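A.B. asks: Have a look at this one.
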Amino acid sequence: MAMALCNKLRPLVQNLPKISWNQRKLLISPTVPARAAAAVRCISIDPAAGLTEEQKSFQSVALNFAKQEMAPYMRQWDEEEIFPVDILRKAGSLGFGGIVVGEDVGGSGLTRLDSSVIFEALSQGCVSTTAYMSIHNMCCWMVDEFGNSNQRHAVLPALCSMEKLASYCLTEPGSGSDAGSLSTTARRDGDHYILNGSKAFISGGGDTDVYVMMVRTGEPGPRGISCVMVEKGSPGLSFGKKEKKMGWNSQPTRMVIMEDCRIPVSNRLSEEGMGFQIAMKGLNGGRLSIASCSLGAAQASIEAARDHLKVRKQFGKTLEKFQYLQFRLAEMASELVASRLMVRNAARALQDGSPDAVPLCAMAKLITTQRCSWICNEALQMFGGYGYLKDYPVQQYLRDIRVHEILEGTSEVMRLLISRDLLQE
């Protein structure tokens with residue numbers, strides 16, 4: 001049992017207003033009266049279905065945090081490109097900075113399924129901010145899983161509280177999906193490595209404190225890659241310009257540049273040559289987290305569209321009376337529930353170390369990110385011209401989750417992993 005997090009959350013759950021998933025008004029559009037919104041029920045897509053009471057408690061705290069601390073500022077963070085570090089630290093104080101990390105170093109000691117439930121709830125307040133939290137959590141897990149005792153106790157307490165923030169550095173300007181061909185080098189010089197190269201599209205780049213980085217210490221290909229931690233302020237470490245993006249604007253994205261960057265050998269996780277395996281194992285969990293963020297966006301978009309259909313009138317009747325829109329809403333709900341079941345099934349497989357965990361994680365990310373993008377797009381269509389306005393949140397969900405089909409393994413790479421499993425001898 002994850003007693004540390006339970007002890008943090010139980011008083012909060014008891015003091016929070018009892019807001020059910022069927023009554024919440026987190027993402028209700030400005031046109032929907034509160035009374036009408038509260039009366040709506042949507043039991044069939046309730047994300048709490050099938051969860052234990054403990055998991056429902058985590059979910060409730062995450063949802064209330066999303067509603068109170070994130071949703072009111074989601075649009076501002078997007079438009080002004082604000083990285084809400086203060087909110088991240090509040091999330092860390094609730095145990096959301098190291099969800100699947102060991103309790104002995106400040107983590108919450110929860111399961112992959114618990115993590116998925118939490119990220120789905122948080123993402124309804126802001127997908128972009130939650131997605132960064134998921135990347136930070138992935139880095140924490142990698143240090144917890146592959147770091148030695150000294151590394152774990154030196155680095156993780158500050159990361160789990162989110163006093164310090166982490167970034168994952170694998171992609172390079174010349175190596176995206178072909179991660180095994182990365183060219184950033186780490187040359188041994190006594191008790192130090194000298195790093196040269198650059199990393200691209202790094203979430204949090206320039207604003208975070210610890211960079212969990214894949215570098216080449218040996219031969220070409222995956223076997224020559226090692227994993228190191230590079231601290232902000234290391235000599236020779238610099239950052240590129242802040243990228244202008246379609247979405248994910250509440251987190252900065254920059255290149256991370258190493259020019260004779262000097263770090264201690266003691267910053268290496270595990271042995272030389274283990275970096276590619278560490279990176280891929282980290283991404284299995286990361287893919288589930290990103291898929292979970294897509295689920296949250298789709299859940300919120302369906303509910304916003306549903307409430308809009310109940311009050312918007314055309315041709316003398318509310319939109320909910322048109323059978324085409326009824327059927328389309330039913331399709332959206334069915335795709336959401338099917339995707340959620342895939343993610344939760346894969347989370348259990350990964351937690352249990354199942355031999356089919358890798359393809360199941362790939363399947364979950366492939367289907368969930370694509371279908372949730374479709375759901376958000378259909379929700380926007382139901383709003384008509386209003387959906388295209390930034391006064392309404394569905395457009396932001398659509399923009400923020402579009403990148404989920406690209407990062408942490410593109411949809412094409414997910415198909416490659418799945419087919420490789422199916423065709424193996």
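Each chain of the structure tokens is named A, B, ... in the order shown, its residues numbered from 1; ligands are numbered from 1 in display order.
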Could you give me, as JSON, numbers by chain, the residues within 8 Å of A:Thr368, counting only C-alpha atoms and dropping anything in the same chain fewer than 2 positions from it?
C.D. replies: {"A": [291, 294, 295, 336, 339, 340, 342, 343, 364, 365, 366, 370, 371, 372]}
A.B. asks: Can you pull out the residues contacting A:Ala91? Cut-off 10 Å, using only C-alpha atoms, and skip same-chain residues under 6 positions away; I want them as a PyMOL selection string.
C.D. replies: chain A and resi 62+65-66+69+85+97+122+130+133+160-162
A.B. asks: Using atom CA of A:Asn196 and atom CA of A:Asp144 as the two end points, give the distance in Å to one decimal.
C.D. replies: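 Between these atoms lies a distance of 26.2 Å.
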A.B. asks: Hey, what's within 9 Å of A:Cys376 if we count only C-alpha atoms and toss same-chain stuff fewer than 2 positions away? As a list of chain:residue names, please?
C.D. replies: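 That gives A:Ala297, A:Ala298, A:Gln299, A:Ala300, A:Ser301, A:Ile302, A:Met332, A:Arg371, A:Cys372, A:Ser373, A:Trp374, A:Glu378, A:Ala379, A:Leu380, A:Gln381, A:Val394, A:Gln395, A:Tyr397, A:Leu398, A:Ile401.
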A.B. asks: Write to file, as an mmCIF file, in the first residue's frame, the residues of the selection just made, with C-alpha atoms.
C.D. replies:
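Printed below is part_37.cif as written:
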data_model
loop_
_atom_site.group_PDB
_atom_site.id
_atom_site.type_symbol
_atom_site.label_atom_id
_atom_site.label_comp_id
_atom_site.auth_asym_id
_atom_site.auth_seq_id
_atom_site.Cartn_x
_atom_site.Cartn_y
_atom_site.Cartn_z
ATOM 1 C CA ALA A 297 -8.870 15.935 -22.822
ATOM 2 C CA ALA A 298 -11.397 13.712 -24.576
ATOM 3 C CA GLN A 299 -13.488 13.276 -21.420
ATOM 4 C CA ALA A 300 -13.639 17.019 -20.887
ATOM 5 C CA SER A 301 -14.424 17.691 -24.548
ATOM 6 C CA ILE A 302 -17.275 15.184 -24.644
ATOM 7 C CA MET A 332 -17.340 9.558 -29.205
ATOM 8 C CA ARG A 371 -9.134 8.391 -31.164
ATOM 9 C CA CYS A 372 -8.987 11.096 -28.504
ATOM 10 C CA SER A 373 -7.805 13.609 -31.105
ATOM 11 C CA TRP A 374 -10.805 12.575 -33.194
ATOM 12 C CA GLU A 378 -15.734 16.172 -33.262
ATOM 13 C CA ALA A 379 -16.535 18.059 -30.066
ATOM 14 C CA LEU A 380 -15.216 21.245 -31.639
ATOM 15 C CA GLN A 381 -17.393 20.613 -34.691
ATOM 16 C CA VAL A 394 -12.162 22.456 -26.695
ATOM 17 C CA GLN A 395 -9.866 24.061 -29.274
ATOM 18 C CA TYR A 397 -7.520 20.460 -25.915
ATOM 19 C CA LEU A 398 -7.349 19.654 -29.608
ATOM 20 C CA ILE A 401 -3.119 16.615 -27.671
#
A.B. asks: Could you give me, as a PyMOL selection string, each residue of stretch 71-202 of chain A that DSSP assigns to helix (DSSP H, G or I) when run on this structure's backbone?
C.D. replies: chain A and resi 71-80+85-93+103-105+112-123+127-146+149-160+179-181
A.B. asks: Measure the distance from atom CA of A:Val265 to atom CA of A:Ser134 in Å and round it to one decimal.
C.D. replies: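 Atom CA of A:Ser134 lies 27.2 Å from atom CA of A:Val265.
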A.B. asks: Please report, as a ChimeraX atom specification, each residue of stretch 120-176 of chain A to which DSSP assigns strand (DSSP E) when run on this structure's backbone.
C.D. replies: /A:166-169
A.B. asks: Could you tell me which of A:Ala333, A:Leu423, A:Asn148, A:Glu243 comes closest to A:Cys42 if we count only C-alpha atoms?
C.D. replies: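 Among A:Ala333, A:Leu423, A:Asn148, A:Glu243, it is A:Ala333 that comes nearest to A:Cys42.
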A.B. asks: One number please: atom CA of A:Ser266 to atom CA of A:Leu350, in Å, one decimal.
C.D. replies: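 Separation of atom CA of A:Ser266 and atom CA of A:Leu350: 29.2 Å.
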A.B. asks: With distances taken over only C-alpha atoms, which of A:Ala362, A:Val215, A:Ile263, A:Leu325 is nearest to A:Ser289?
C.D. replies: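 Among A:Ala362, A:Val215, A:Ile263, A:Leu325, it is A:Ala362 that comes nearest to A:Ser289.
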A.B. asks: Pick out the residues sitting within 7 Å of A:Leu319, and hand them over as a VMD selection string; count only C-alpha atoms, and ignore anything fewer than 6 positions along from it in its own chain.
C.D. replies: chain A and resid 309 to 310 312 to 313
A.B. asks: Looking at only C-alpha atoms, which of A:Leu63, A:Leu237, A:Gln76, A:Pro157 is the one that sits closest to A:Glu103?
C.D. replies: A:Pro157
A.B. asks: I want to know what sits within 8 Å of A:Ser183, based on only C-alpha atoms, with residues of the same chain fewer than 4 positions away left out; could you give that as a tab-separated table (two decimals) with C-alpha atoms, in the first residue's frame?
C.D. replies:
chain	number	residue	atom	x	y	z
A	172	GLU	CA	18.34	15.06	-31.57
A	197	GLY	CA	26.17	17.45	-29.19
A	215	VAL	CA	24.70	9.94	-24.95
A	216	ARG	CA	27.09	7.84	-26.97
A.B. asks: Show me, as a short mmCIF file (atom, residue, chain, number, x, y, z; two decimals) with C-alpha atoms, in the first residue's frame, the residues that have an atom within 8 Å of A:Arg188 when counting only C-alpha atoms, minus same-chain residues fewer than 3 positions from it.
C.D. replies:
data_model
loop_
_atom_site.label_atom_id
_atom_site.label_comp_id
_atom_site.auth_asym_id
_atom_site.auth_seq_id
_atom_site.Cartn_x
_atom_site.Cartn_y
_atom_site.Cartn_z
CA ASP A 191 36.44 10.85 -13.39
CA HIS A 192 34.45 12.98 -15.82
CA TYR A 193 32.68 12.77 -19.16
CA ILE A 194 33.07 15.51 -21.78
CA THR A 217 29.94 6.39 -24.94
CA VAL A 265 31.13 9.90 -14.23
#
A.B. asks: Which neighbours of A:Lys164 fall inside 7 Å, counting only C-alpha atoms, when residues of the same chain fewer than 4 positions from it are skipped, and could you give them as an MDAnalysis selection string?
C.D. replies: chainID A and resid 158:159 209
A.B. asks: Print the selection's residues with N, CA and C atoms to a file, as a PDB file, in the first residue's frame.
C.D. replies:
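Saved to out_19.pdb:
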ATOM      1  N   ALA A 158      14.284  15.878  -3.943  1.00  0.00           N
ATOM      2  CA  ALA A 158      13.968  17.203  -4.496  1.00  0.00           C
ATOM      3  C   ALA A 158      13.132  17.102  -5.759  1.00  0.00           C
ATOM      4  N   LEU A 159      13.330  16.028  -6.540  1.00  0.00           N
ATOM      5  CA  LEU A 159      12.519  15.851  -7.740  1.00  0.00           C
ATOM      6  C   LEU A 159      11.094  15.429  -7.392  1.00  0.00           C
ATOM      7  N   ASP A 209      15.982  21.600 -13.990  1.00  0.00           N
ATOM      8  CA  ASP A 209      17.219  21.511 -13.217  1.00  0.00           C
ATOM      9  C   ASP A 209      18.070  20.292 -13.521  1.00  0.00           C
TER      10      ASP A 209
END
A.B. asks: For each of A:Gly285, A:Gly409, A:Pro264, A:Gly221, take the minimum atom-to-atom distance to A:Asp189, counting only C-alpha atoms, then give the residue where this is smallest.
C.D. replies: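 Of A:Gly285, A:Gly409, A:Pro264, A:Gly221, the one nearest A:Asp189 is A:Pro264, counting only C-alpha atoms.
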